[in-house]
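> Structure: start25.txt, compact mmCIF, C-alpha atoms.
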# COMPACT_ATOMS: atom_id res chain seq x y z
CA MET H 1 -5.29 79.17 -8.47
CA GLY H 2 -6.51 81.58 -5.82
CA ASP H 3 -8.01 84.08 -8.26
CA ARG H 4 -10.30 81.77 -10.20
CA MET H 5 -13.99 81.30 -9.52
CA SER H 6 -15.04 78.51 -7.20
CA VAL H 7 -18.13 76.39 -6.99
CA ARG H 8 -20.03 76.64 -3.72
CA THR H 9 -18.55 74.55 -0.89
CA THR H 10 -19.27 75.53 2.71
CA GLY H 11 -21.20 78.74 2.08
CA PRO H 12 -21.32 82.07 0.26
CA ALA H 13 -17.77 82.94 1.32
CA LEU H 14 -16.44 80.32 -1.10
CA ILE H 15 -18.35 81.49 -4.15
CA GLU H 16 -15.57 83.87 -5.19
CA GLN H 17 -12.47 82.14 -3.97
CA GLY H 18 -10.01 84.90 -4.78
CA HIS H 19 -11.87 87.63 -2.89
CA TRP H 20 -13.60 86.04 0.08
CA LEU H 21 -11.59 83.11 1.39
CA THR H 22 -9.32 83.36 4.43
CA VAL H 23 -6.99 80.54 3.33
CA ARG H 24 -6.09 81.18 -0.30
CA ASP H 25 -3.98 79.68 -3.10
CA CYS H 26 -4.99 76.10 -2.24
CA LYS H 27 -4.93 73.07 -4.44
CA ARG H 28 -8.56 72.13 -4.95
CA VAL H 29 -9.55 68.47 -4.63
CA LEU H 30 -13.06 67.28 -5.50
CA VAL H 31 -14.33 64.25 -3.58
CA VAL H 32 -17.02 62.43 -5.59
CA ALA H 33 -19.19 60.30 -3.28
CA HIS H 34 -21.68 58.29 -5.32
CA THR H 35 -23.00 56.14 -2.43
CA VAL H 36 -22.56 55.64 1.31
CA THR H 37 -20.20 52.71 0.67
CA PHE H 38 -18.06 54.76 -1.70
CA ALA H 39 -18.03 57.72 0.68
CA GLN H 40 -16.85 55.50 3.53
CA ARG H 41 -13.93 54.23 1.42
CA LEU H 42 -13.04 57.72 0.17
CA ARG H 43 -12.92 58.94 3.76
CA GLU H 44 -9.75 56.86 4.13
CA VAL H 45 -8.20 59.05 1.44
CA PHE H 46 -9.55 62.56 1.96
CA GLU H 47 -8.86 62.53 5.70
CA LEU H 48 -5.16 62.24 4.80
CA MET H 49 -5.40 65.84 3.54
CA GLU H 50 -7.86 67.42 5.94
CA ALA H 51 -5.18 69.15 8.07
CA ASP H 52 -3.11 70.40 5.10
CA ARG H 53 -3.75 74.11 4.57
CA ARG H 54 -2.39 73.82 1.05
CA VAL H 55 -5.44 71.76 0.08
CA GLN H 56 -9.13 72.75 -0.13
CA LEU H 57 -11.48 69.75 -0.23
CA VAL H 58 -14.80 70.11 -2.05
CA PHE H 59 -17.48 67.40 -1.91
CA THR H 60 -20.23 66.34 -4.28
CA VAL H 61 -22.65 63.42 -4.61
CA ALA H 62 -22.78 62.10 -8.17
CA PRO H 63 -25.92 60.43 -9.54
CA HIS H 64 -26.15 56.71 -8.72
CA ALA H 65 -28.96 54.17 -8.39
CA PHE H 66 -27.87 53.51 -4.79
CA GLY H 67 -27.06 57.12 -3.92
CA GLY H 68 -29.67 57.44 -1.18
CA GLY H 69 -28.10 58.41 2.14
CA ALA H 70 -24.75 59.53 0.72
CA GLU H 71 -25.37 63.23 1.27
CA GLN H 72 -26.69 62.57 4.78
CA TYR H 73 -23.59 60.52 5.57
CA LEU H 74 -21.34 63.43 4.57
CA GLN H 75 -23.50 65.88 6.50
CA GLY H 76 -23.01 63.69 9.56
CA LEU H 77 -19.28 64.38 9.21
CA GLY H 78 -19.93 68.13 9.07
CA ILE H 79 -19.45 68.28 5.30
CA THR H 80 -21.53 70.44 2.95
CA THR H 81 -21.76 69.26 -0.65
CA VAL H 82 -22.01 71.12 -3.95
CA PRO H 83 -24.52 70.00 -6.59
CA TRP H 84 -23.14 67.59 -9.17
CA ASP H 85 -23.90 69.93 -12.08
CA GLU H 86 -21.86 72.68 -10.40
CA ALA H 87 -19.02 70.25 -9.80
CA LEU H 88 -19.00 69.42 -13.50
CA ARG H 89 -18.55 73.12 -14.32
CA GLY H 90 -15.94 73.76 -11.64
CA GLU H 91 -12.17 73.73 -11.96
CA PHE H 92 -10.17 71.44 -9.71
CA ASP H 93 -6.65 70.14 -9.48
CA LEU H 94 -7.71 66.56 -8.76
CA ALA H 95 -10.79 64.44 -8.12
CA LEU H 96 -11.16 61.37 -5.89
CA ALA H 97 -13.75 58.71 -6.68
CA ALA H 98 -14.60 55.11 -5.79
CA SER H 99 -16.74 54.65 -8.91
CA PHE H 100 -16.24 55.46 -12.58
CA ARG H 101 -19.88 56.41 -13.09
CA GLY H 102 -19.98 59.86 -14.74
CA VAL H 103 -16.53 60.99 -13.59
CA HIS H 104 -15.20 61.11 -17.16
CA GLN H 105 -17.26 64.33 -17.47
CA LEU H 106 -15.11 66.13 -14.91
CA ARG H 107 -12.58 68.71 -16.05
CA THR H 108 -9.81 67.35 -13.86
CA PRO H 109 -7.57 64.29 -13.40
CA VAL H 110 -9.31 61.52 -11.47
CA VAL H 111 -7.90 59.12 -8.88
CA ARG H 112 -10.02 56.00 -8.52
CA VAL H 113 -9.80 53.67 -5.52
CA SER H 114 -11.42 50.30 -4.90
CA HIS H 115 -14.33 50.02 -2.46
CA GLY H 116 -14.47 46.35 -1.40
CA ALA H 117 -12.58 43.19 -0.51
CA GLY H 118 -10.97 42.50 -3.85
CA HIS H 119 -13.06 42.46 -7.01
CA ILE H 120 -15.94 40.12 -6.29
CA LYS H 121 -18.76 40.79 -8.73
CA PRO H 122 -18.29 40.63 -12.52
CA LEU H 123 -20.03 43.19 -14.70
CA THR H 124 -23.76 42.61 -14.61
CA ASP H 125 -24.59 44.33 -17.92
CA ALA H 126 -23.39 41.89 -20.59
CA THR H 127 -24.62 44.25 -23.34
CA LEU H 128 -21.50 46.33 -22.76
CA LEU H 129 -19.24 43.43 -23.73
CA ALA H 130 -17.79 42.76 -27.16
CA PRO H 131 -18.60 39.36 -28.72
CA GLY H 132 -16.64 36.68 -26.88
CA GLU H 133 -15.45 39.08 -24.16
CA VAL H 134 -15.39 37.57 -20.66
CA ARG H 135 -17.25 39.24 -17.78
CA VAL H 136 -14.76 40.71 -15.31
CA PRO H 137 -15.18 43.02 -12.29
CA GLY H 138 -15.56 46.71 -13.04
CA MET H 139 -12.14 47.95 -11.94
CA LEU H 140 -10.54 45.44 -14.29
CA SER H 141 -12.83 46.09 -17.25
CA ARG H 142 -12.27 48.20 -20.34
CA GLN H 143 -15.83 49.50 -20.00
CA HIS H 144 -14.99 51.20 -16.70
CA LEU H 145 -11.45 52.32 -17.49
CA LEU H 146 -11.87 53.68 -21.02
CA HIS H 147 -14.29 56.27 -22.36
CA GLU H 148 -14.77 56.32 -26.12
CA GLY H 149 -11.62 54.24 -26.39
CA ARG H 150 -9.46 56.58 -24.32
CA LEU H 151 -8.07 55.98 -20.83
CA PHE H 152 -9.50 58.64 -18.52
CA PRO H 153 -8.37 58.06 -14.88
CA ALA H 154 -5.01 59.58 -13.95
CA ALA H 155 -4.43 56.87 -11.34
CA VAL H 156 -6.20 53.70 -10.19
CA GLY H 157 -5.43 52.13 -6.84
CA TYR H 158 -5.48 48.34 -6.53
CA ALA H 159 -5.16 46.25 -3.39
CA HIS H 160 -3.01 43.44 -4.72
CA GLU H 161 -0.28 42.71 -7.26
CA ARG H 162 -2.61 39.99 -8.56
CA ASP H 163 -5.04 42.70 -9.70
CA VAL H 164 -2.42 44.40 -11.81
CA ALA H 165 -1.43 41.07 -13.34
CA GLU H 166 -5.08 40.50 -14.26
CA LEU H 167 -5.32 44.05 -15.61
CA ALA H 168 -2.52 43.25 -18.06
CA ARG H 169 -4.88 40.72 -19.62
CA THR H 170 -8.18 42.60 -19.44
CA CYS H 171 -7.15 46.22 -20.13
CA PRO H 172 -3.39 46.63 -20.72
CA GLU H 173 -3.89 50.31 -21.63
CA ALA H 174 -4.54 51.01 -17.93
CA LEU H 175 -1.26 49.58 -16.66
CA GLU H 176 0.41 52.98 -16.93
CA VAL H 177 -1.94 54.44 -14.29
CA ALA H 178 -2.22 51.36 -12.04
CA HIS H 179 -0.80 51.54 -8.50
CA VAL H 180 -0.76 48.81 -5.85
CA VAL H 181 -1.82 50.65 -2.69
CA GLY H 182 -3.37 47.93 -0.51
CA ASP H 183 -6.67 47.96 1.35
CA PRO H 184 -7.56 50.40 4.17
CA CYS H 185 -10.09 48.03 5.77
CA VAL H 186 -7.40 45.37 6.10
CA ASP H 187 -5.13 47.89 7.82
CA ARG H 188 -7.87 49.23 10.13
CA ILE H 189 -9.03 45.78 11.19
CA VAL H 190 -5.49 44.61 11.90
CA ALA H 191 -4.89 47.80 13.92
CA GLY H 192 -8.09 47.17 15.86
CA LYS H 193 -7.65 43.48 16.69
CA PRO H 194 -5.69 44.15 19.92
CA ARG H 195 -8.74 46.17 21.10
CA ARG H 196 -11.17 43.27 20.66
CA GLU H 197 -12.04 43.00 24.37
CA HIS H 198 -12.51 46.77 24.55
CA TYR H 199 -14.97 46.62 21.65
CA ARG H 200 -16.86 43.74 23.26
CA ARG H 201 -17.24 45.71 26.50
CA ALA H 202 -18.39 48.77 24.56
CA LEU H 203 -20.99 46.66 22.76
CA GLY H 204 -22.20 45.29 26.10
CA ILE H 205 -21.14 41.68 25.52
CA GLY H 206 -21.07 39.94 28.91
CA SER H 207 -18.39 37.49 30.00
CA GLY H 208 -20.64 34.49 29.40
CA GLU H 209 -22.09 35.74 26.11
CA ARG H 210 -21.03 35.07 22.54
CA LEU H 211 -21.56 37.43 19.62
CA VAL H 212 -22.91 36.19 16.29
CA VAL H 213 -22.63 38.74 13.47
CA VAL H 214 -24.74 38.22 10.35
CA THR H 215 -23.45 40.01 7.25
CA SER H 216 -25.30 40.64 4.01
CA THR H 217 -24.29 42.14 0.70
CA TRP H 218 -26.97 43.42 -1.70
CA GLY H 219 -28.74 41.60 -4.51
CA PRO H 220 -30.98 38.55 -4.92
CA ALA H 221 -28.30 36.07 -3.79
CA SER H 222 -27.56 37.87 -0.52
CA THR H 223 -28.11 36.79 3.08
CA PHE H 224 -30.82 39.48 3.30
CA GLU H 225 -32.84 37.67 0.65
CA ARG H 226 -32.62 34.47 2.74
CA LEU H 227 -33.66 35.99 6.07
CA ASP H 228 -37.05 34.29 5.95
CA SER H 229 -35.30 30.95 6.41
CA LEU H 230 -32.34 32.11 8.52
CA LEU H 231 -34.15 34.45 10.91
CA PRO H 232 -36.28 31.79 12.67
CA GLN H 233 -33.11 29.83 13.39
CA LEU H 234 -31.35 32.90 14.78
CA LEU H 235 -34.22 33.86 17.05
CA SER H 236 -35.43 30.45 18.21
CA GLN H 237 -32.27 28.33 18.33
CA LEU H 238 -29.74 30.75 19.85
CA PRO H 239 -30.69 31.34 23.52
CA GLY H 240 -30.73 35.03 24.42
CA ASP H 241 -28.85 34.44 27.66
CA ARG H 242 -25.86 33.01 25.81
CA TYR H 243 -25.85 34.64 22.38
CA ARG H 244 -26.05 38.23 21.17
CA ILE H 245 -26.78 38.83 17.51
CA ALA H 246 -25.86 41.81 15.31
CA MET H 247 -26.70 42.29 11.65
CA LEU H 248 -24.56 44.22 9.15
CA VAL H 249 -26.55 44.95 5.98
CA HIS H 250 -24.96 46.54 2.90
CA PRO H 251 -25.89 50.23 2.50
CA ASN H 252 -27.14 49.49 -1.03
CA VAL H 253 -30.03 47.50 0.46
CA PHE H 254 -31.14 50.59 2.40
CA ALA H 255 -30.51 52.91 -0.56
CA GLY H 256 -32.31 50.65 -3.04
CA HIS H 257 -35.44 49.94 -1.00
CA GLY H 258 -35.51 52.92 1.37
CA THR H 259 -34.51 53.02 5.03
CA TRP H 260 -38.10 52.99 6.28
CA GLN H 261 -38.94 49.89 4.25
CA VAL H 262 -35.81 47.95 5.23
CA ARG H 263 -36.37 48.72 8.90
CA GLY H 264 -39.92 47.49 8.50
CA TRP H 265 -38.73 44.25 6.94
CA LEU H 266 -36.27 43.85 9.82
CA ALA H 267 -38.80 44.72 12.56
CA ASP H 268 -39.02 41.08 13.63
CA CYS H 269 -35.22 41.00 13.98
CA ARG H 270 -35.18 44.03 16.25
CA ALA H 271 -38.16 42.78 18.24
CA GLY H 272 -36.30 39.52 18.81
CA GLY H 273 -33.22 41.29 20.14
CA VAL H 274 -31.14 41.45 16.96
CA ALA H 275 -29.05 44.62 16.71
CA VAL H 276 -29.42 46.03 13.18
CA VAL H 277 -26.38 48.24 12.61
CA PRO H 278 -27.28 51.35 10.53
CA PRO H 279 -25.57 51.63 7.13
CA GLU H 280 -23.69 54.81 8.05
CA ALA H 281 -22.20 53.35 11.24
CA ASP H 282 -18.65 52.04 11.48
CA TRP H 283 -18.90 48.25 11.08
CA GLN H 284 -15.30 47.21 11.66
CA ALA H 285 -15.39 47.14 15.47
CA VAL H 286 -18.52 44.96 15.38
CA LEU H 287 -16.77 42.53 13.05
CA ILE H 288 -13.65 42.39 15.25
CA ALA H 289 -15.77 41.66 18.34
CA ALA H 290 -17.55 38.67 16.77
CA ASP H 291 -17.20 35.05 17.87
CA TRP H 292 -18.98 33.84 14.73
CA ILE H 293 -19.74 35.51 11.41
CA ILE H 294 -22.55 34.13 9.25
CA GLY H 295 -22.44 35.74 5.83
CA ASP H 296 -22.65 35.57 2.07
CA HIS H 297 -20.19 36.39 -0.71
CA GLY H 298 -19.98 40.09 0.22
CA SER H 299 -16.92 42.02 1.32
CA LEU H 300 -17.74 42.09 5.04
CA THR H 301 -17.78 38.30 5.23
CA VAL H 302 -14.39 38.19 3.52
CA TYR H 303 -12.96 40.84 5.85
CA GLY H 304 -14.16 38.62 8.69
CA THR H 305 -11.28 36.24 7.92
CA LEU H 306 -8.96 38.84 9.45
CA THR H 307 -10.68 38.93 12.82
CA GLY H 308 -10.27 35.51 14.40
CA ALA H 309 -14.01 34.79 14.28
CA THR H 310 -15.28 31.45 13.01
CA LEU H 311 -17.12 31.79 9.68
CA LEU H 312 -20.17 30.07 8.21
CA LEU H 313 -21.41 30.91 4.74
CA THR H 314 -24.85 31.05 3.24
CA ALA H 315 -24.88 29.50 -0.23
CA ALA H 316 -23.39 31.82 -2.85
CA PRO H 317 -24.14 31.96 -6.61
CA ARG H 318 -20.95 31.03 -8.42
CA ARG H 319 -21.88 33.00 -11.55
CA GLU H 320 -21.99 36.22 -9.52
CA VAL H 321 -18.58 35.74 -7.90
CA SER H 322 -15.34 36.24 -9.81
CA ALA H 323 -13.39 32.98 -9.72
CA SER H 324 -10.15 34.73 -8.76
CA SER H 325 -11.66 36.87 -5.98
CA PRO H 326 -11.09 36.52 -2.21
CA ALA H 327 -14.79 35.61 -1.92
CA ALA H 328 -14.30 32.62 -4.23
CA LEU H 329 -11.29 31.50 -2.19
CA LEU H 330 -13.35 31.75 0.99
CA ALA H 331 -16.21 29.74 -0.51
CA ALA H 332 -13.78 26.88 -1.10
CA VAL H 333 -12.67 26.57 2.55
CA ALA H 334 -15.48 27.84 4.82
CA PRO H 335 -18.38 25.65 6.05
CA VAL H 336 -21.88 26.38 4.74
CA VAL H 337 -25.02 26.73 6.87
CA ALA H 338 -27.03 23.50 6.63
CA PRO H 339 -30.79 24.18 6.47
CA GLY H 340 -32.86 22.24 8.99
CA TYR H 341 -29.98 21.43 11.31
CA PRO H 342 -29.83 23.18 14.73
CA LEU H 343 -27.88 26.40 14.25
CA ALA H 344 -26.24 26.37 17.68
CA GLU H 345 -24.81 22.93 16.91
CA GLN H 346 -23.55 24.18 13.55
CA LEU H 347 -21.74 27.07 15.24
CA GLU H 348 -19.99 24.72 17.66
CA TYR H 349 -19.17 22.24 14.90
CA ALA H 350 -17.57 25.02 12.85
CA VAL H 351 -15.34 25.92 15.83
CA ARG H 352 -14.29 22.31 16.43
CA SER H 353 -13.58 21.61 12.76
CA ARG H 354 -11.66 24.81 12.06
CA ARG H 355 -8.08 24.15 10.96
CA PRO H 356 -5.06 26.32 11.77
CA GLY H 357 -4.42 28.65 8.85
CA GLN H 358 -7.74 27.76 7.21
CA TYR H 359 -8.25 31.31 5.93
CA ASP H 360 -4.61 32.24 5.29
CA GLU H 361 -4.93 32.16 1.51
CA VAL H 362 -8.00 34.39 1.71
CA THR H 363 -6.39 36.99 3.96
CA ALA H 364 -3.24 37.03 1.84
CA SER H 365 -5.36 37.78 -1.23
CA LEU H 366 -6.87 40.93 0.30
CA SER H 367 -3.72 43.05 0.17
CA SER H 368 -0.20 42.40 -1.07
CA VAL H 369 1.06 45.40 0.92
CA PRO H 370 -0.68 45.16 4.33
CA GLY H 371 -0.24 48.22 6.53
CA GLU H 372 0.71 50.39 3.54
CA PHE H 373 -2.56 51.79 2.14
CA HIS H 374 -2.51 55.25 3.67
CA ARG H 375 1.17 55.87 2.94
CA ARG H 376 0.95 54.63 -0.64
CA VAL H 377 -2.29 56.34 -1.62
CA ARG H 378 -1.09 59.62 -0.07
CA SER H 379 2.03 59.45 -2.22
CA VAL H 380 -0.06 58.99 -5.37
CA VAL H 381 -2.39 61.88 -4.54
CA TYR H 382 0.31 64.35 -3.56
CA ARG H 383 2.41 63.52 -6.62
CA LEU H 384 -0.54 64.27 -8.88
CA LEU H 385 -1.17 67.52 -6.98
CA GLY H 386 2.47 68.56 -7.40
CA LEU H 387 2.87 68.95 -3.64
CA GLY H 388 5.42 67.56 -1.23
CA GLU H 389 3.94 65.16 1.32
CA PRO H 390 3.71 66.16 4.99
CA ALA H 391 6.91 65.17 6.81
CA ARG H 392 5.20 62.60 9.02
CA PRO H 393 3.80 59.14 8.47
CA PRO H 394 0.02 58.92 8.10
CA PHE H 395 -1.65 57.72 11.28
CA VAL H 396 -3.82 54.60 10.96
CA ALA H 397 -6.20 54.69 13.91
CA PRO H 398 -8.04 51.55 14.99
CA PRO H 399 -11.82 51.59 14.47
CA PRO H 400 -13.65 53.83 16.96
CA SER H 401 -15.52 52.37 19.92
CA PRO H 402 -19.10 51.38 19.01
CA PRO H 403 -22.20 52.12 21.08
CA PRO H 404 -23.90 49.27 23.00
CA LEU H 405 -25.79 46.73 20.93
CA SER H 406 -28.87 47.68 22.94
CA TRP H 407 -28.89 51.04 21.15
CA TRP H 408 -29.41 49.30 17.81
CA GLU H 409 -31.71 46.60 19.21
CA ALA H 410 -34.30 48.88 20.76
CA SER H 411 -33.68 52.26 19.13
CA ALA H 412 -32.75 51.68 15.50
CA ASP H 413 -34.90 54.59 14.40
CA ARG H 414 -32.80 57.08 16.36
CA GLY H 415 -29.96 56.77 13.86
CA ALA H 416 -26.33 55.73 14.06
CA VAL H 417 -23.72 56.41 16.66
CA GLY H 418 -20.05 55.78 16.12
Would you give me this structure, written as structure tokens?

Amino acid sequence: MGDRMSVRTTGPALIEQGHWLTVRDCKRVLVVAHTVTFAQRLREVFELMEADRRVQLVFTVAPHAFGGGAEQYLQGLGITTVPWDEALRGEFDLALAASFRGVHQLRTPVVRVSHGAGHIKPLTDATLLAPGEVRVPGMLSRQHLLHEGRLFPAAVGYAHERDVAELARTCPEALEVAHVVGDPCVDRIVAGKPRREHYRRALGIGSGERLVVVTSTWGPASTFERLDSLLPQLLSQLPGDRYRIAMLVHPNVFAGHGTWQVRGWLADCRAGGVAVVPPEADWQAVLIAADWIIGDHGSLTVYGTLTGATLLLTAAPRREVSASSPAALLAAVAPVVAPGYPLAEQLEYAVRSRRPGQYDEVTASLSSVPGEFHRRVRSVVYRLLGLGEPARPPFVAPPPSPPPLSWWEASADRGAVG
């Protein structure tokens, strides 16, 4: 391994691995980050290996329609990437990806992990389906698991036993590489819940203030698309001396329209005191700190069921939500924002009408092995690498402390912190 040629990683010293590197004879793992969202999920996996001197991590950004910002996100972690075309020519022992797009071209086994709260959105391109074939989410579809009729991932990580049961119906050929590993966001949020008051102090939430977090996925049915009707209610009906407001917008919105444009569209939010959290920032602490979460059918709204916050939904399109997903379960039990009715009264009504265990079925659907993601996915990766695992359990840290909301209210253009 140590004598073969390497693609460029952190500089000229890695061009000829056998002659120039200080740490030699490493297993080489390629991390394929298509988008900011995928890179954030893959971080839960590649950081399990960062201290292992038997492993050299190499990073690349693969082509994707929403790839804007992915390379900058990795650079913010101190990571230098190699061009995708060089990665395709390179030799690796394993690749990690959170998307199937283009990874069948790699000359190495691929481990694929999920990137959201269950499998919410069915395939959008119906032209890929055979006559009579039902639309299913990508990680359960033959179109994303097979290439030219052949199974190409070496392992696929699913959050729940239910996913594997569904896979037996939609693509039974993939059962041999399917592993139930859980969900890292579930584990991080649960680990962070005892620090809720710490996060609120870090955000600058006063003792008499309540935090409303607005979440938005991407696409025409998202909360972002409805801001013209929701924003006036947020700014005019929630008194600034009692409510603080933060907005979590899916990175694909920024990548699809451009950061400058999205910040322009949200200028009225920021001017009104709404904290717009940058796409590269850690969102979990903000979610944990919330008193209310107003959101759509996206993953962040669903993860909100783990936090103790009271949820209100914006109307979701049923055709764009898989009927068996956690988002569909949430839509059946959470109250929906009523247009034209005072928003502050709706928030209080949602608190009063909330039932004990109202979201239990939703939270149970997110992971069938809570607390196990990092241990299970590490076992899969090290087995495929042919290496023994480190003789210590993986450490699941709670989300890091966020900066004050005032940073994102008044200074969104300075970038993310945390």
> Go through H:Arg24, H:Arg242, H:Arg383, H:Arg392 and flag the residue nearest Leu94 in chain H, using all atoms listed in the file for the distances.
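Checking each candidate against Leu94 in chain H, we get H:Arg383 as the closest.
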> Just the number, please: distance in Å from CA of Ala344 in chain H to CA of Arg210 in chain H, one decimal.
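Going from CA of Ala344 in chain H over to CA of Arg210 in chain H, I get 11.2 Å.
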> Ranking H:Val321, H:Ile189, H:Ala97, H:Leu235 by minimum distance to Val61 in chain H and counting only C-alpha atoms, which one comes first?
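Under the stated criterion, the closest residue is H:Ala97.
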> Between H:Leu42, H:Ala87, H:Ala338, H:Ala33, which residue has the minimum interatomic distance to Leu106 in chain H, considering only C-alpha atoms?
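Comparing H:Leu42, H:Ala87, H:Ala338, H:Ala33 against Leu106 in chain H, the winner is H:Ala87.
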> Using all atoms listed in the file, which of H:Glu47, H:Glu372, H:Glu320, H:Glu389 sits nearest Val180 in chain H?
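Selected residue with least distance to Val180 in chain H: H:Glu372.
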> Any idea what's packed within 9 Å of His34 in chain H, counting only C-alpha atoms, ignoring anything in its chain fewer than 5 positions away? Could you give it as a PyMOL selection string?
chain H and resi 39+60-67+70+97-99+101
> Within 9 Å of Leu48 in chain H, counting only C-alpha atoms, which residues show up once you throw out same-chain ones fewer than 3 positions away? Write them as JSON, numbers by chain, please.
{"H": [43, 44, 45, 51, 52, 374, 378, 394, 395]}
> Work out how far apart CA of Gly304 in chain H and CA of Arg376 in chain H are and give it in Å to one decimal.
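Rounded to one decimal, the two atoms are 23.9 Å apart.
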> Just how far from CA of Trp260 in chain H is CA of Arg200 in chain H, in Å to one decimal?
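Taking CA of Arg200 in chain H as the start and CA of Trp260 in chain H as the end point, the length is 28.7 Å.
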